[in-house]
Amino acid sequence: MPAKKLTFVPKKVTKAILTSLPERSRDVLSLRFGLGSDQVRQTLEAIGGKYGITRERVRQIENLAMATIRKSREYKELAPHLAELKTHLDEFGGIAHEHDFLNSLGKDEEEKNHINFLLVLGEDFVRLREDDDFHHRWTVDEAVAADIHLALRNLYRGLSDEDLISEGEMVERFIQELKSLARDVRDAELAKRWLKLCKKIDCNHMGEWGVAESPNIRTRGMRDYAYLILRRHGSPMHFGEVARAISETFNRKAHQATCHNELIKDDRFVLVGRGLYALKKWGYSTGTVRDVISSIIDKNGPLTKEEILDKVLKERYVKENTILVNLQNNKHFKKDAAGKYATA
């Protein structure tokens with residue numbers, strides 16, 4: 001979502017609010033929210049150490065200071081600015097990823113800290129803390145938030161670790177989940193913003209969506225990168241081509257020999273020719289050409305030479321003569337009177 005330009009200067013507004021407080025209260029809020037020269041938000045323990053008081057006492061000072069501000073004349077004068085922030089959050093969908101929302105309004109960390117302080121101060125805004133399923137988020141409508149949470153959980157439950165789907169399909173699935181909750185959403189951009197709330201769903205470097213912790217999304221090494229490359233390509237590739245594609249797509253150094261070694265070790269890949277790899281999920285069998293012939297015969301029963309050639313060449317990039325030589329091995333294959341081959 002493009003950045004919104006606020007009609008007020010957050011730092012100027014917060015400075016005016018803080019002037020109504022005693023010095024220590026003002027200092028505690030400045031440190032807690034990163035409103036001073038040091039933009040790092042301090043913990044209760046760190047502030048307590050500065051003043052020689054307990055973290056609980058710091059919390060009491062913070063809470064009292066916020067309550068004092070909300071009763072002040074300066075807070076009443078803040079109403080138009082809080083209303084403007086509420087309008088922006090409504091336009092964001094009523095619930096927003098904290099990081100994304102602050103980025104849409106603030107040009108730097110200092111400004112974002114001041115906006116965050118105003119959100120905490122404003123009584124219309126609810127900050128939902130990060131948990132196992134969702135990131136930190138802000139909302140002005142907890143009923144909407146509950147619907148979004150439920151739809152995202154249902155969406156996640158419908159995915160397997162193997163699923164990799166386009167952004168368009170993921171958005172459509174999410175919209176269908178929302179429709180089941182009687183929430184009419186047609187805006188794909190709005191749906192994409194809501195998708196970012198969920199920690200269990202994410203997209204990879206290729207723009208494909210799935211379960212966040214699956215190797216297809218959270219790629220952990222050469223094998224996972226190679227899987228995504230082959231899956232996108234849709235047909236067998238030489239390990240050298242795979243290595244080059246990894247370097248170009250993910251901007252990672254991929255040595256051909258290392259790529260070859262990693263592919264050999266992973267049972268998701270099948271060597272189907274000289275240096276050529278395919279995905280096992282495409283129906284390719286592991287093993288030697290003789291193993292492939294045996295597997296095909298076991299599955300289909302006795303077959304003619306032509307039928308075996310046709311089926312094996314769909315799984316292995318080898319010369320026909322290599323297949324025929326294997327068929328002549330009487331220890332493993334026998335030919336019946338009808339000219340069909342079976343395993344010995």
# chains A, B, ... in the order shown; residues from 1 in each chain; ligands from 1
>>> residues_around(residues="Arg59 in chain A", least_positions_apart="3", cutoff="12 Å", atoms="only C-alpha atoms", output="PyMOL selection string")
chain A and resi 25+28-29+32+43-48+53-56+62-66
>>> write_last_selection(atoms="C-alpha atoms", output="PDB file, in the first residue's frame")
ATOM      1  CA  SER A  25       6.955  10.679  33.938  1.00  0.00           C
ATOM      2  CA  VAL A  28       9.805   7.294  31.350  1.00  0.00           C
ATOM      3  CA  LEU A  29       7.410   7.597  28.394  1.00  0.00           C
ATOM      4  CA  ARG A  32       9.613   3.395  26.749  1.00  0.00           C
ATOM      5  CA  THR A  43      12.561  -2.171  28.704  1.00  0.00           C
ATOM      6  CA  LEU A  44      11.022  -1.697  32.135  1.00  0.00           C
ATOM      7  CA  GLU A  45      14.172  -3.208  33.667  1.00  0.00           C
ATOM      8  CA  ALA A  46      16.488  -0.798  31.836  1.00  0.00           C
ATOM      9  CA  ILE A  47      14.489   2.244  32.917  1.00  0.00           C
ATOM     10  CA  GLY A  48      14.245   0.920  36.470  1.00  0.00           C
ATOM     11  CA  ILE A  53      13.431   1.465  41.122  1.00  0.00           C
ATOM     12  CA  THR A  54      11.687  -1.826  40.305  1.00  0.00           C
ATOM     13  CA  ARG A  55      10.252  -2.670  36.906  1.00  0.00           C
ATOM     14  CA  GLU A  56       6.802  -2.759  38.518  1.00  0.00           C
ATOM     15  CA  GLU A  62       3.937   4.668  32.782  1.00  0.00           C
ATOM     16  CA  ASN A  63       0.288   3.758  33.369  1.00  0.00           C
ATOM     17  CA  LEU A  64      -0.324   6.823  35.557  1.00  0.00           C
ATOM     18  CA  ALA A  65       1.303   9.091  32.974  1.00  0.00           C
ATOM     19  CA  MET A  66      -0.898   7.709  30.181  1.00  0.00           C
TER      20      MET A  66
END
>>> closest_residue(among="A:Lys199, A:Glu307, A:Ala145, A:Tyr317", to="His238 in chain A", atoms="only C-alpha atoms")
A:Tyr317
>>> select_by_dssp(residues="range 83-219 of chain A", states="strand (DSSP E)", output="PyMOL selection string")
chain A and resi 95-97+126-128+137-139+165-166+201-203+208-211
>>> write_last_selection(atoms="C-alpha atoms", output="short mmCIF file (atom, residue, chain, number, x, y, z; two decimals), in the first residue's frame")
data_model
loop_
_atom_site.label_atom_id
_atom_site.label_comp_id
_atom_site.auth_asym_id
_atom_site.auth_seq_id
_atom_site.Cartn_x
_atom_site.Cartn_y
_atom_site.Cartn_z
CA ILE A 95 -6.82 -4.61 11.17
CA ALA A 96 -3.20 -4.26 10.08
CA HIS A 97 0.23 -5.81 10.56
CA VAL A 126 -6.36 -2.05 20.14
CA ARG A 127 -2.92 -3.63 19.84
CA LEU A 128 -3.15 -7.41 19.50
CA ARG A 137 -1.26 -6.05 14.79
CA TRP A 138 -3.49 -3.03 15.31
CA THR A 139 -7.24 -2.95 14.97
CA ILE A 165 0.16 -22.04 -4.98
CA SER A 166 0.22 -18.72 -6.77
CA ILE A 201 1.35 -18.80 5.86
CA ASP A 202 4.01 -17.09 3.76
CA CYS A 203 5.46 -16.78 0.26
CA GLU A 208 4.52 -18.85 -4.40
CA TRP A 209 2.51 -19.32 -1.21
CA GLY A 210 2.29 -22.20 1.24
CA VAL A 211 2.91 -23.32 4.82
#
>>> select_by_dssp(residues="range 15-143 of chain A", states="alpha helix (DSSP H)", output="number ranges by chain")
A: 15-18, 23-33, 44-51, 55-70, 73-77, 79-91, 98-105, 109-121, 142-143
>>> closest_residue(among="A:Phe250, A:Phe239, A:Trp282, A:Phe269", to="Tyr227 in chain A", atoms="only C-alpha atoms")
A:Phe269
>>> closest_residue(among="A:Cys198, A:Ala146, A:Ala151, A:Leu6", to="Lys86 in chain A", atoms="only C-alpha atoms")
A:Leu6
>>> residues_around(residues="range 329-340 of chain A", least_positions_apart="6", cutoff="8 Å", atoms="only C-alpha atoms", output="PyMOL selection string")
chain A and resi 302-305
>>> residues_around(residues="Asp100 in chain A", least_positions_apart="4", cutoff="10 Å", atoms="only C-alpha atoms", output="JSON list (two decimals) with C-alpha atoms, in the first residue's frame")
[["chain", "number", "residue", "atom", "x", "y", "z"],
["A", 1, "MET", "CA", 0.00, 0.00, 0.00],
["A", 3, "ALA", "CA", 2.63, 5.56, 1.98],
["A", 92, "PHE", "CA", -6.03, -0.56, 5.71],
["A", 96, "ALA", "CA", -3.20, -4.26, 10.08],
["A", 104, "SER", "CA", 2.75, 3.18, 5.49],
["A", 105, "LEU", "CA", 2.66, 6.31, 7.66],
["A", 137, "ARG", "CA", -1.26, -6.05, 14.79],
["A", 193, "ARG", "CA", -2.57, -7.27, 3.49],
["A", 196, "LYS", "CA", 0.52, -10.94, 6.04],
["A", 197, "LEU", "CA", -0.98, -11.05, 9.53]]
>>> atom_distance(atom1="CA of Ile308 in chain A", atom2="CA of Arg231 in chain A")
26.9 Å
>>> closest_residue(among="A:Gly221, A:Gly301, A:Gly93, A:Pro80", to="Val13 in chain A", atoms="only C-alpha atoms")
A:Pro80
>>> closest_residue(among="A:Gly36, A:Pro236, A:Pro22, A:Gly283", to="His114 in chain A", atoms="only C-alpha atoms")
A:Gly36
